[in-house]
Amino acid sequence: MQPSRYPNAHAKRSRPRPALLSGWGLLAAIATVPLFHWQYEYFRQRGPVFAASLIVLFLMLAAAAYFHNRRAARTPAGWLSLSVLLPAAAAFFYDTRAAVVVALMVGSGYVLGRGLLALMGCELEGAVEELAISTGLGLGAAMMILFALGMAGLYYRPVFAALLAAPLVAFPRQVVGLGSSMAALARGWMRPEEGDGAERSLAVVFGVALGACGMTAALAPSVAFDAIRLHLPAAAYYQAIHAVRPLPFNDYSYFPQGMETLMAMAGSLGGQTAEQLIAFAFFALSVMMCHALARRAGFPAGAAALGAVAAASMPFAHWTGSMAKNDLAVAFFELAALYALIRAAGEPEGRWLPLAALLMGLAFEVKYTAVYGALPLGLMMAYQAWRSPGRWKKLAAVGALAAAAALPWPARAWVLTGNPAYPQRVGRAAEMQVAQPGLGMGAKLLHTAQTPWTMEFGRQPHFNSVLRTPMGVVLALFFPALVLAGGWNGAGRRCLFFAGGYFVYWAAVWPVLRFGAAWAMVAVTLAVAAAMRICAKPGWARRAELAAAFYGLAFSLSGAMIIELNAPQAVLFTGRIGRAEYLRRALEPYHSMEALGRLAGPRDMVLGVGSCAALYAPYPWRYVCREAEAPQAEIRAELERGGYRWLVAPQAWMSGGRAKPAWTGDGYAIYRLDAGP
């Protein structure tokens with residue numbers, strides 16, 4: 001990349017005193033040591049070998065970063081390429097068919113997206129942004145095509161294969177461009193800019209570690225609650241009926257299903273592993289967009305890379321991106337739209353503004369939580385269109401393009417139910433603290449004001465896990481850098497406006513961390529990159545900031561390992577057990593699902609109480625899940641009106657005289673019910 005393309009954000013401003021930033025980082029690190037110790041104790045309680053392994057891992061990462069920094073100028077390209085490709089190699093080794101299918105989908109997406117960009121006249125300037133924008137746009141276009149195919153009942157393997165091959169035929173010149181972009185990325189990375197070797201080294205070693213951790217979670221059969229209850233069962237249903245139809249007894253399937261349609265295509269061609277890897281691919285694309293945005297904001301490549309890796313390391317974001325979920329796909333399209341808006345501001349031809357509208361609309365193809373980012377993006381888009389020649393036509397065109405991408409799924413819900421936001425209400429997007437419905441306005445305002453503290457150090461309601469700090473501590477360590485940096489260029493100011501506007505709206509309405517992945521990733525990326533820029537001069541302050549970065553990344557990595565890795569994975573990936581045995585060890589309700597497969601027929605309705613592993617039921621779309629905490633009276637009423645043949649519930653749960661135990665084991669029981677369809 002040419003430095004002239006990314007003007008220095010701080011070239012015209014004197015550098016602030018690094019001591020302020022280093023002092024803050026030291027105090028923040030000291031304050032968070034007890035939280036880090038809690039994570040270490042979590043490993044130690046599972047056995048001394050786990051605690052020792054954690055310490056050894058951190059020592060190895062420190063040594064690897066030191067070695068890489070010392071030999072950065074002489075590091076063979078093959079060695080670096082191998083380290084970056086290790087997670088991909090693991091996928092090919094574990095499930096070759098799935099890895100090939102996902103690689104083809106990603107490659108085909110790149111070709112389609114690059115072809116569309118060429119038709120729109122949008123020229124990309126760097127390998128990272130070219131790979132990310134082109135691939136994401138192509139996959140987004142595929143979602144729109146899959147919606148039409150699904151509504152027409154054409155979900156068959158030959159149709160999916162034709163969709164995969166069509167871009168290669170339509171845009172043959174872009175196939176060569178994919179190889180050229182990857183080669184350019186490798187060449188650019190092998191020529192470090194002066195003074196950023198340490199940042200690059202930290203980004204490489206922690207990027208590999210985080211990638212290996214995430215790929216391990218992505219490859220193992222999913223045990224994540226939402227994935228096996230909602231997303232993967234929907235993809236399985238679409239494959240089974242060869243169409244996109246709402247799942248019976250699953251209102252979530254009335255929401256946008258863009259990711260689920262991609263999963264259905266991947267699953268039809270490559271199996272469940274391929275479905276899970278699609279979500280991981282969007283995670284990688286989101287990280288690449290963070291790097292591209294930091295470069296546009298004027299930061300050196302090494303600082304931008306370290307910031308992007310720090311954004312990816314946040315445990316909640318890393319877990320969400322490694323599971324078969326859709327939140328990181330929303331984040332990608334919003335970050336890509338932000339990038340397009342930045343490019344639109346510098347190019348009066350107006351080619352990038354329509355692309356920004358299209359990308360923002362594609363976020364709504366995935367999930368309605370895109371509304372949080374749509375507020376700042378829409379304001380910037382309207383401002384840019386207003387400043388353009390023919391403002392009214394430009395506003396109308398931009399709005400129409402965004403609507404064309406965003407409205408297919410709401411239109412479907414409106415036709416089926418009369419409510420475009422079913423099963424929610426349109427007005428809910430304007431309500432404060434929808435997760436706190438019983439509170440008055442004053443209490444809701446207080447909750448909103450407390451969000452910056454509780455999201456960093458409070459588990460609930462922001463992220464449901466054992467972690468005490470699901471965001472990690474990187475933002476706490478480096479947040480002052482956003483203020484101390486000063487002199488932001490136009491791209492940096494737009495990034496800050498996006499993150500700030502997104503945060504305020506998100507915090508006021510529904511501050512679930514994974515719904516705010518986009519603003520958090522932008523904020524962390526810029527904060528870390530700005531800190532490295534502030535402390536660029538060799539000396540004790542630079543060493544202190546690099547040490548803080550290592551500490552923050554190590555903190556996040558250990559948190560991600562806690563919520564993503566488990567002992568059965570090691571046995572699975574060494575080939576000593578198969579997928580079924582892994583699920584028996586890692587997912588408590590799986591035994592009951594196996595037993596249910598021997599009992600239930602294709603027309604039998606099943607109610608699960610506290611057993612929400614719907615994906616592994618014999619017919620997931622006929623399996624209804626209710627939380628174990630639901631009142632028994634509510635469950636009994638459900639049984640009375642549901643026409644269920646089977647009930648799966650904890651053994652201690654008493655279902656009444658009409659329930660006859662048919663199987664018991666591992667804390668669960670399957671009851672045969674008198675009523676049936």
# chains A, B, ... in the order shown; residues from 1 in each chain; ligands from 1
call {"tool": "closest_atom_pairs", "arguments": {"of": "region 569-675 of chain A", "to": "region 248-258 of chain A", "cutoff": "8 Å", "atoms": "only C-alpha atoms", "output": "Markdown table"}}
result
| residue | atom | partner | partner_atom | distance |
| --- | --- | --- | --- | --- |
| A:Trp621 | CA | A:Pro248 | CA | 6.3 |
| A:Arg622 | CA | A:Pro248 | CA | 7.0 |
| A:Val624 | CA | A:Phe249 | CA | 6.5 |
call {"tool": "residues_around", "arguments": {"residues": "Glu456 (chain A)", "least_positions_apart": "4", "cutoff": "10 Å", "atoms": "only C-alpha atoms", "output": "PyMOL selection string"}}
result
chain A and resi 451-452+462+468-476+513
call {"tool": "residues_around", "arguments": {"residues": "Gly177 (chain A)", "least_positions_apart": "6", "cutoff": "12 Å", "atoms": "only C-alpha atoms", "output": "PyMOL selection string"}}
result
chain A and resi 107-108+110-115+118+127+130-131+134+168+171+183-184
call {"tool": "select_by_dssp", "arguments": {"residues": "region 229-471 of chain A", "states": "alpha helix (DSSP H)", "output": "VMD selection string"}}
result
chain A and resid 232 to 241 258 to 270 272 to 296 301 to 313 315 to 322 327 to 346 352 to 364 371 to 386 391 to 406 408 to 417 441 to 457
call {"tool": "closest_atom_pairs", "arguments": {"of": "region 260-379 of chain A", "to": "region 521-545 of chain A", "cutoff": "10 Å", "atoms": "only C-alpha atoms", "output": "CSV"}}
result
residue,atom,partner,partner_atom,distance
A:Ser286,CA,A:Met521,CA,8.7
A:Val287,CA,A:Met521,CA,8.2
A:Met289,CA,A:Val522,CA,9.3
A:Cys290,CA,A:Val522,CA,6.3
A:His291,CA,A:Thr525,CA,7.6
A:Leu293,CA,A:Val522,CA,8.1
A:Ala294,CA,A:Leu526,CA,6.3
A:Arg295,CA,A:Ala529,CA,9.5
A:Ala297,CA,A:Leu526,CA,8.3
A:Gly298,CA,A:Ala529,CA,9.6
A:Phe299,CA,A:Ala529,CA,6.6
A:Pro300,CA,A:Arg533,CA,8.1
A:Ala301,CA,A:Ala529,CA,9.3
A:Gly302,CA,A:Ala529,CA,8.4
A:Ala303,CA,A:Ala529,CA,4.7
A:Ala304,CA,A:Ala529,CA,5.5
A:Ala305,CA,A:Ala529,CA,8.2
A:Leu306,CA,A:Ala529,CA,7.0
A:Gly307,CA,A:Thr525,CA,3.9
A:Ala308,CA,A:Thr525,CA,5.1
A:Val309,CA,A:Thr525,CA,7.9
A:Ala310,CA,A:Thr525,CA,6.6
A:Ala311,CA,A:Met521,CA,4.7
A:Ala312,CA,A:Met521,CA,7.2
A:Ser313,CA,A:Met521,CA,9.5
A:Met314,CA,A:Met521,CA,8.4
A:Ala317,CA,A:Met521,CA,8.3
A:Ala331,CA,A:Met521,CA,8.8
A:Leu335,CA,A:Val522,CA,8.2
call {"tool": "write_last_selection", "arguments": {"atoms": "C-alpha atoms", "output": "PDB file, in the first residue's frame"}}
result
ATOM      1  CA  SER A 286     -15.002  -8.058   9.691  1.00  0.00           C
ATOM      2  CA  VAL A 287     -11.465  -8.078  11.078  1.00  0.00           C
ATOM      3  CA  MET A 289     -12.547  -4.266   7.467  1.00  0.00           C
ATOM      4  CA  CYS A 290     -11.262  -2.992  10.828  1.00  0.00           C
ATOM      5  CA  HIS A 291      -7.761  -2.954   9.360  1.00  0.00           C
ATOM      6  CA  LEU A 293     -10.769   1.509   8.285  1.00  0.00           C
ATOM      7  CA  ALA A 294      -7.720   2.120  10.471  1.00  0.00           C
ATOM      8  CA  ARG A 295      -5.572   2.574   7.384  1.00  0.00           C
ATOM      9  CA  ALA A 297      -7.919   6.891   9.331  1.00  0.00           C
ATOM     10  CA  GLY A 298      -4.208   7.419   8.703  1.00  0.00           C
ATOM     11  CA  PHE A 299      -2.515   4.775  10.831  1.00  0.00           C
ATOM     12  CA  PRO A 300       0.496   2.698   9.767  1.00  0.00           C
ATOM     13  CA  ALA A 301      -0.101  -0.883   8.646  1.00  0.00           C
ATOM     14  CA  GLY A 302       1.386  -2.416  11.790  1.00  0.00           C
ATOM     15  CA  ALA A 303      -0.698  -0.314  14.172  1.00  0.00           C
ATOM     16  CA  ALA A 304      -3.816  -0.972  12.070  1.00  0.00           C
ATOM     17  CA  ALA A 305      -3.160  -4.708  12.121  1.00  0.00           C
ATOM     18  CA  LEU A 306      -2.626  -4.743  15.886  1.00  0.00           C
ATOM     19  CA  GLY A 307      -5.818  -2.747  16.385  1.00  0.00           C
ATOM     20  CA  ALA A 308      -7.792  -5.149  14.193  1.00  0.00           C
ATOM     21  CA  VAL A 309      -6.445  -8.192  16.058  1.00  0.00           C
ATOM     22  CA  ALA A 310      -7.294  -6.503  19.371  1.00  0.00           C
ATOM     23  CA  ALA A 311     -10.854  -5.938  18.111  1.00  0.00           C
ATOM     24  CA  ALA A 312     -11.104  -9.604  17.139  1.00  0.00           C
ATOM     25  CA  SER A 313      -9.757 -10.681  20.513  1.00  0.00           C
ATOM     26  CA  MET A 314     -12.654  -9.317  22.589  1.00  0.00           C
ATOM     27  CA  ALA A 317     -16.842 -10.875  19.636  1.00  0.00           C
ATOM     28  CA  ALA A 331     -21.069  -6.068  11.743  1.00  0.00           C
ATOM     29  CA  LEU A 335     -18.262  -1.677   8.607  1.00  0.00           C
TER      30      LEU A 335
END
call {"tool": "closest_residue", "arguments": {"among": "A:Thr574, A:Thr369, A:Gln450, A:Gln651", "to": "Gly610 (chain A)", "atoms": "only C-alpha atoms"}}
result
A:Gln651
call {"tool": "atom_distance", "arguments": {"atom1": "CA of Ala203 (chain A)", "atom2": "CA of Ala549 (chain A)"}}
result
9.9 Å
call {"tool": "decode", "arguments": {"residues": "region 273-291 of chain A", "atoms": "N, CA and C atoms", "output": "compact mmCIF listing (two decimals), in the first residue's frame"}}
result
# COMPACT_ATOMS: atom_id res chain seq x y z
N THR A 273 -20.41 -28.80 9.07
CA THR A 273 -19.18 -28.05 9.27
C THR A 273 -19.10 -26.85 8.34
N ALA A 274 -19.53 -27.03 7.11
CA ALA A 274 -19.52 -25.93 6.15
C ALA A 274 -20.46 -24.82 6.60
N GLU A 275 -21.62 -25.19 7.15
CA GLU A 275 -22.55 -24.18 7.67
C GLU A 275 -21.89 -23.35 8.76
N GLN A 276 -21.17 -24.00 9.64
CA GLN A 276 -20.52 -23.29 10.75
C GLN A 276 -19.38 -22.39 10.25
N LEU A 277 -18.67 -22.83 9.21
CA LEU A 277 -17.54 -22.05 8.72
C LEU A 277 -17.96 -20.79 7.99
N ILE A 278 -19.19 -20.74 7.48
CA ILE A 278 -19.67 -19.53 6.81
C ILE A 278 -19.67 -18.36 7.79
N ALA A 279 -20.14 -18.61 9.01
CA ALA A 279 -20.13 -17.55 10.02
C ALA A 279 -18.70 -17.13 10.35
N PHE A 280 -17.79 -18.07 10.45
CA PHE A 280 -16.39 -17.76 10.74
C PHE A 280 -15.77 -16.93 9.62
N ALA A 281 -16.18 -17.17 8.37
CA ALA A 281 -15.67 -16.39 7.25
C ALA A 281 -16.06 -14.92 7.39
N PHE A 282 -17.29 -14.65 7.82
CA PHE A 282 -17.70 -13.26 8.02
C PHE A 282 -16.94 -12.62 9.19
N PHE A 283 -16.57 -13.41 10.17
CA PHE A 283 -15.73 -12.91 11.26
C PHE A 283 -14.40 -12.42 10.70
N ALA A 284 -13.78 -13.24 9.86
CA ALA A 284 -12.50 -12.85 9.27
C ALA A 284 -12.66 -11.60 8.40
N LEU A 285 -13.75 -11.51 7.64
CA LEU A 285 -13.97 -10.34 6.80
C LEU A 285 -14.16 -9.08 7.65
N SER A 286 -14.81 -9.21 8.80
CA SER A 286 -15.00 -8.06 9.69
C SER A 286 -13.67 -7.55 10.23
N VAL A 287 -12.79 -8.47 10.58
CA VAL A 287 -11.46 -8.08 11.08
C VAL A 287 -10.68 -7.35 9.98
N MET A 288 -10.79 -7.85 8.76
CA MET A 288 -10.11 -7.18 7.64
C MET A 288 -10.67 -5.77 7.42
N MET A 289 -11.97 -5.60 7.62
CA MET A 289 -12.55 -4.27 7.47
C MET A 289 -12.04 -3.32 8.56
N CYS A 290 -11.83 -3.83 9.76
CA CYS A 290 -11.26 -2.99 10.83
C CYS A 290 -9.89 -2.48 10.42
N HIS A 291 -9.09 -3.36 9.83
CA HIS A 291 -7.76 -2.95 9.36
C HIS A 291 -7.88 -1.89 8.27
